[in-house]
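What follows is a short report on a single structure.
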Amino acid sequence: MSLDVLWYHMRKIWEKRGYKLHEIVEKNPEEIKAIFVQGDKRAFVYCTTKKLTVQLVRSLLQQMQSLECKEGTFATTEKATRQAIKEAEDAGVEVIHQGNPLIYVFDHWLVPDARILSPEEVRELEKKYGPLKYFPKILVTDPVCRILRAKPGDVIEFVRRVPPKEELIKRYGPEYGSRVYEWLRMLTPAGEERYYRVVVEYAEELPAVEEEEEKEEEKEVPPEERIVISSES
């Protein structure tokens, strides 16, 4: 991945988070430093083709402080040392590197749009569909969760829409654009669909509803009323 491609993805990710590019502080063949803003919040985004070392991270954190940025991303196309990752994350800065890559997945036509619901929207959702424990789950490490900065317990709404055929043809060309349109029509016959996922931290938090129901049913049946099948004839 080139520096320009890395910068493209980081910029799209921060824009998806509701931030706007405010200023490119520095740009050269090896690195790009930029400030993104959302209201009075300022984020520092650093993209580089160099290895992230602890010395580099400390220098960047000092620069962040001087620029009055409270959050940010350090992204590299190379590796990052463990100490560098620890110091950055301890300061509240996410680190993107070869061992923990992240790209803007919403560019792909198969990935539906997504957003985190507000607490009020979650309460309305529970009133309509029942407790969140029965909702499908999504891991906090999923690229969608990482892009949205979702936390365990958050509820993500996914919306899949079928764009006009002309828009897809303009984007992908006549042949492939037409195919994408037909595929999306098969995936979403109504033209639009919404579904929800609850963010969890570990796969162990993904319960098998059928097993839970079986255990509850088993508790409700007295031992003397259970049917026992004997192997004896």
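Quick note on naming: the chains in the structure tokens go A, B, ... in the order shown, residues restart at 1 in each chain, and ligands are numbered from 1 in order of appearance.
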Please provide as JSON, numbers by chain all residues within 9 Å of Thr77 of chain A, with the sequence filter that same-chain residues fewer than 3 positions apart are discarded (counting only C-alpha atoms).
{"A": [1, 2, 3, 6, 47, 48, 49, 50, 51, 96, 97, 98, 101]}
So which residues touch Lys86 of chain A within 12 Å, counting only C-alpha atoms, skipping near sequence neighbours fewer than 4 positions away, as a ChimeraX atom specification?
/A:52-54,57-58,80-82,90-95
Contacts of Glu167 of chain A at 10 Å (only C-alpha atoms; same-chain gap of 4+ positions) as a ChimeraX atom specification:
/A:163,171-173,177-178,181
Atoms to include: N, CA and C atoms. Write the selected residues as a tab-separated table (two decimals), in the first residue's frame.
chain	number	residue	atom	x	y	z
A	163	PRO	N	-28.81	1.44	-5.26
A	163	PRO	CA	-28.70	2.72	-5.96
A	163	PRO	C	-29.31	2.62	-7.36
A	171	ARG	N	-20.25	4.46	-12.15
A	171	ARG	CA	-19.15	4.17	-11.23
A	171	ARG	C	-18.30	2.99	-11.69
A	172	TYR	N	-18.96	1.92	-12.19
A	172	TYR	CA	-18.25	0.69	-12.50
A	172	TYR	C	-18.16	0.37	-14.00
A	173	GLY	N	-18.82	1.15	-14.84
A	173	GLY	CA	-18.84	0.85	-16.26
A	173	GLY	C	-20.10	0.10	-16.64
A	177	GLY	N	-21.32	-2.54	-13.92
A	177	GLY	CA	-22.35	-1.78	-13.22
A	177	GLY	C	-23.71	-2.43	-13.32
A	178	SER	N	-24.02	-2.98	-14.48
A	178	SER	CA	-25.30	-3.67	-14.67
A	178	SER	C	-25.36	-4.94	-13.83
A	181	TYR	N	-25.91	-4.04	-10.16
A	181	TYR	CA	-27.30	-3.66	-9.95
A	181	TYR	C	-28.19	-4.90	-9.79
Which of segment 165-207 of chain A fall in strand (DSSP E or B), as number ranges by chain
A: 192-200
Saved selection, atoms kept: N, CA and C atoms, as a short mmCIF file (atom, residue, chain, number, x, y, z; two decimals), in the first residue's frame:
data_model
loop_
_atom_site.label_atom_id
_atom_site.label_comp_id
_atom_site.auth_asym_id
_atom_site.auth_seq_id
_atom_site.Cartn_x
_atom_site.Cartn_y
_atom_site.Cartn_z
N GLU A 192 -34.54 -1.60 -0.21
CA GLU A 192 -33.89 -1.11 1.01
C GLU A 192 -34.22 -2.05 2.15
N GLU A 193 -33.24 -2.30 3.01
CA GLU A 193 -33.48 -3.11 4.21
C GLU A 193 -32.62 -2.60 5.35
N ARG A 194 -33.12 -2.78 6.58
CA ARG A 194 -32.41 -2.36 7.78
C ARG A 194 -32.28 -3.56 8.71
N TYR A 195 -31.12 -3.69 9.32
CA TYR A 195 -30.94 -4.72 10.33
C TYR A 195 -29.95 -4.22 11.36
N TYR A 196 -29.88 -4.93 12.50
CA TYR A 196 -29.16 -4.41 13.66
C TYR A 196 -28.23 -5.47 14.24
N ARG A 197 -27.12 -4.99 14.81
CA ARG A 197 -26.16 -5.86 15.48
C ARG A 197 -25.73 -5.20 16.79
N VAL A 198 -25.61 -6.02 17.83
CA VAL A 198 -25.12 -5.54 19.12
C VAL A 198 -23.61 -5.81 19.19
N VAL A 199 -22.84 -4.81 19.57
CA VAL A 199 -21.38 -4.94 19.62
C VAL A 199 -20.96 -5.68 20.88
N VAL A 200 -20.14 -6.71 20.72
CA VAL A 200 -19.61 -7.47 21.86
C VAL A 200 -18.10 -7.53 21.76
#
Any idea what's packed within 12 Å of segment 168-170 of chain A, counting only C-alpha atoms, ignoring anything in its chain fewer than 4 positions away? Could you give it as an NGL selection string?
:A and (108-109 or 162-164 or 174-184)
From a DSSP calculation on the backbone, collect every residue of segment 33-232 of chain A in alpha helix (DSSP H) and output the set as a PyMOL selection string.
chain A and resi 54-66+82-90+119-129+143-148+165-172+174-187+209-220
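Atom CA of Ser59 of chain A is positioned 24.0 Å from atom CA of Val5 of chain A.
Of the residues listed (A:Met64, A:Leu132, A:Ile85, A:Val144), A:Val144 shows the shortest atom-to-atom separation from Pro112 of chain A; distances use only C-alpha atoms.
Those residues that approach Lys41 of chain A to within 9 Å, counting only C-alpha atoms, are Tyr19, Cys69, Lys70 and Glu71 of chain A; same-chain residues fewer than 6 positions away are not listed.
We find atom CA of Leu117 of chain A and atom CA of Thr141 of chain A to be spaced 18.2 Å apart.
Take the candidates A:Ala84, A:Leu139, A:Cys145, A:Met10 and check each one against Tyr104 of chain A using only C-alpha atoms; the shortest distance goes to A:Met10.
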Please list as JSON, numbers by chain every residue within 10 Å of His9 of chain A, counting only C-alpha atoms and excluding residues in the same chain fewer than 5 positions away.
{"A": [4, 14, 15, 102, 103, 104, 105, 107]}
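Using only C-alpha atoms, the smallest distance between any of A:Arg161, A:Asp113, A:Leu56, A:Asn100 and Ala88 of chain A comes from A:Leu56.
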Out of A:Lys27, A:Arg11, A:Lys20, A:Lys165, which residue has the shortest atom-to-atom distance to Gly191 of chain A when counting only C-alpha atoms?
A:Lys165
